[in-house]
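Trainee: The structure's right below; bear with me while I get my questions together.
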Amino acid sequence: MNNEWISRWREGRIGFHRDAEHPALVRHWPALGVEPGTKVLVPLCGKSLDMRWLAAQMHPVLGIELASLAIEQFVAAGGESSRYRQGDFEIWRQGSIELWCGDFFHFHTQQAADLGAFYDRAALIALPPATRQRYAFHLAQLMPPGARGLLISLTRAPGDDAGPPYSVPADEVRELFGANFEVTHLEDGEPEDSGWQESVWSLQRRGPRADRE
Ligand SMILES: C[S@@+](CC[C@H](N)C(=O)[O-])C[C@H]1O[C@@H](n2cnc3c(N)ncnc32)[C@H](O)[C@@H]1O
């Protein structure tokens with residue numbers, strides 16, 4: 001699967017990328033009440049412009065992305081950047097945004113000491129069913145009690161099991177995150193002609209149990 005993503009980036013098959021920040025982020029983030037200065041984790045970040053929006057709200061951002069091409073394209077569109085290595089990860093830093101190139105599941109709590117919030121748009125739904133529970137637990141491991149996050153998930157037409165993006169219905173969102181997070185449904189987007197429909201969720205990390213990776 002990881003190689004499949006690298007190929008997608010190499011071949012420019014990145015229909016998921018948006019040319020502007022996601023309206024649901026702009027609409028809902030302020031109400032989460034995440035203090036300016038709180039560092040926001042953006043798992044499976046691609047080259048999302050949502051990271052620039054979060055940085056403009058005075059949040060340091062830590063994005064994690066497999067494809068170095070995505071990160072190169074992101075930093076090329078901004079100002080100066082620097083690059084260094086830490087363990088399994090190559091890290092690009094540009095202003096208050098740091099982009100860790102590598103596998104999200106290899107990013108560990110010791111590296112996450114200063115994270116206080118997260119933003120998931122098209123990360124959970126990029127993962128096949130068998131990996132989603134691991135993702136939810138891993139995210140819980142990385143978030144301190146009280147941390148808040150915004151999740152933008154998606155469903156496909158009934159019976160459409162294709163992906164990515166995978167269909168992750170409301171029951172599954174609650175089941176995946178319910179053990180470690182307070183889960184609140186915020187809104188459903190307009191259904192698209194394709195049968196896809198986004199849903200927006202607010203999550204707050206309960207403490208302290210997490211386990212099961
Ligand atoms: C559907 S895209 C969404 C990107 C971004 N969140 C956005 O909204 O544009 C999923 C991204 O996750 C990356 N990815 C997939 N599996 C990953 C993993 N295990 N660790 C880090 N990145 C991963 C892919 O390369 C891809 O860029």
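Chain identifiers are assigned as A, B, and so on, following the order in which chains appear in the structure tokens; residues are numbered from 1 within each chain, and ligands are numbered from 1 in order of appearance.
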Within 8 Å of range 96-102 of chain A, counting only C-alpha atoms, which residues qualify if same-chain residues fewer than 5 places away don't, as a list of chain:residue names?

Mentor: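 Contacts, in chain order: A:Met51, A:Arg52, A:Ala55, A:His59, A:Pro60, A:Val61, A:Leu62, A:Gly63, A:Ile64, A:Glu65, A:Leu66, A:Ala67, A:Ser68, A:Ile71, A:Asp88, A:Phe89, A:Glu90, A:Ile91.
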
Trainee: So which bits of range 56-174 of chain A end up helix (DSSP H, G or I) when you DSSP the backbone, as a PyMOL selection string?

Mentor: chain A and resi 56+68-76+104-106+109-112+124-126+129-142+170-174

Trainee: Take the selection from the previous step and output its residues with C-alpha atoms, as a CSV table (one decimal), in the first residue's frame.

Mentor:
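What follows is the written file part.csv:
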chain,number,residue,atom,x,y,z
A,56,ALA,CA,-1.7,31.3,10.0
A,68,SER,CA,8.8,13.0,-0.2
A,69,LEU,CA,7.5,14.4,-3.5
A,70,ALA,CA,4.4,15.7,-1.7
A,71,ILE,CA,6.7,17.5,0.8
A,72,GLU,CA,9.0,18.8,-1.9
A,73,GLN,CA,6.0,20.3,-3.7
A,74,PHE,CA,4.6,21.8,-0.5
A,75,VAL,CA,7.8,23.5,0.5
A,76,ALA,CA,8.5,24.7,-3.1
A,104,PHE,CA,2.9,7.6,10.4
A,105,PHE,CA,2.9,4.3,12.3
A,106,HIS,CA,6.7,4.7,12.9
A,109,THR,CA,5.2,9.2,21.5
A,110,GLN,CA,8.7,10.3,22.4
A,111,GLN,CA,8.8,12.3,19.2
A,112,ALA,CA,5.3,13.7,20.0
A,124,LEU,CA,-8.5,7.9,8.1
A,125,ILE,CA,-10.4,7.3,4.9
A,126,ALA,CA,-7.2,6.7,3.0
A,129,PRO,CA,-10.4,-1.4,7.0
A,130,ALA,CA,-7.8,-3.5,8.7
A,131,THR,CA,-5.5,-0.5,9.3
A,132,ARG,CA,-8.1,1.9,10.6
A,133,GLN,CA,-8.3,0.6,14.2
A,134,ARG,CA,-4.5,0.7,14.4
A,135,TYR,CA,-4.6,4.3,13.2
A,136,ALA,CA,-7.2,5.3,15.8
A,137,PHE,CA,-5.1,3.8,18.6
A,138,HIS,CA,-1.9,5.2,17.3
A,139,LEU,CA,-3.4,8.7,17.2
A,140,ALA,CA,-4.7,8.2,20.8
A,141,GLN,CA,-1.2,7.3,21.9
A,142,LEU,CA,0.2,10.5,20.4
A,170,ALA,CA,-20.8,7.2,11.4
A,171,ASP,CA,-21.0,4.0,13.4
A,172,GLU,CA,-17.5,3.1,12.5
A,173,VAL,CA,-16.1,6.5,13.4
A,174,ARG,CA,-17.7,6.2,16.9

Trainee: Going by DSSP on the backbone, which bits of chain A are strand (DSSP E)? Write them as a VMD selection string, please.

Mentor: chain A and resid 39 to 43 61 to 65 82 to 86 89 to 94 97 to 101 115 to 121 148 to 155 181 to 188 197 to 205

Trainee: If the limit is 8 Å from any atom of ligand 1, counting only C-alpha atoms and all ligand atoms, which residues qualify? Return them as a ChimeraX atom specification.

Mentor: /A:1-2,5-6,8-9,14,16-18,42-50,64-67,70,101-105,120-123,125-127,164-165

Trainee: Write a file of the selected residues as a tab-separated table (two decimals), in the first residue's frame, keeping C-alpha atoms.

Mentor:
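Listing of result.tsv after writing:
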chain	number	residue	atom	x	y	z
A	1	MET	CA	0.00	0.00	0.00
A	2	ASN	CA	2.81	2.41	0.85
A	5	TRP	CA	0.91	6.02	-2.56
A	6	ILE	CA	4.43	6.80	-3.72
A	8	ARG	CA	0.34	7.98	-7.08
A	9	TRP	CA	2.44	10.99	-6.22
A	14	ILE	CA	-3.66	13.12	-6.50
A	16	PHE	CA	-7.68	14.31	-3.30
A	17	HIS	CA	-5.54	17.46	-3.20
A	18	ARG	CA	-7.48	20.72	-2.89
A	42	VAL	CA	-1.60	16.48	10.62
A	43	PRO	CA	-1.26	12.76	9.88
A	44	LEU	CA	-1.01	11.64	6.24
A	45	CYS	CA	-0.79	15.32	5.30
A	46	GLY	CA	0.04	15.25	1.58
A	47	LYS	CA	0.75	18.83	0.52
A	48	SER	CA	-2.45	20.11	2.04
A	49	LEU	CA	-2.91	23.89	2.17
A	50	ASP	CA	-4.86	23.32	5.37
A	64	ILE	CA	3.57	13.34	8.51
A	65	GLU	CA	3.67	12.09	4.94
A	66	LEU	CA	5.11	9.04	3.19
A	67	ALA	CA	5.84	10.65	-0.15
A	70	ALA	CA	4.45	15.72	-1.69
A	101	CYS	CA	8.68	12.19	5.70
A	102	GLY	CA	7.99	8.58	6.63
A	103	ASP	CA	5.35	6.17	7.87
A	104	PHE	CA	2.87	7.58	10.40
A	105	PHE	CA	2.93	4.26	12.26
A	120	ASP	CA	-7.42	14.64	9.92
A	121	ARG	CA	-8.80	15.31	6.48
A	122	ALA	CA	-8.63	12.27	4.18
A	123	ALA	CA	-6.21	10.39	6.45
A	125	ILE	CA	-10.41	7.34	4.89
A	126	ALA	CA	-7.15	6.72	3.00
A	127	LEU	CA	-6.58	3.57	5.05
A	164	PRO	CA	-9.26	4.89	-1.29
A	165	PRO	CA	-11.04	6.95	-0.26

Trainee: Considering only C-alpha atoms, return as a VMD selection string whatever protein or nucleic-acid residues lie within 7 Å of Glu182 in chain A, sequence-local ones (same chain, fewer than 6 positions apart) excluded.

Mentor: chain A and resid 203 to 206

Trainee: Would you write out those residues with C-alpha atoms, as a short mmCIF file (atom, residue, chain, number, x, y, z; two decimals), in the first residue's frame?

Mentor:
data_model
loop_
_atom_site.label_atom_id
_atom_site.label_comp_id
_atom_site.auth_asym_id
_atom_site.auth_seq_id
_atom_site.Cartn_x
_atom_site.Cartn_y
_atom_site.Cartn_z
CA LEU A 203 -12.82 14.61 18.96
CA GLN A 204 -11.41 15.17 22.40
CA ARG A 205 -8.86 12.82 23.93
CA ARG A 206 -10.00 11.28 27.17
#
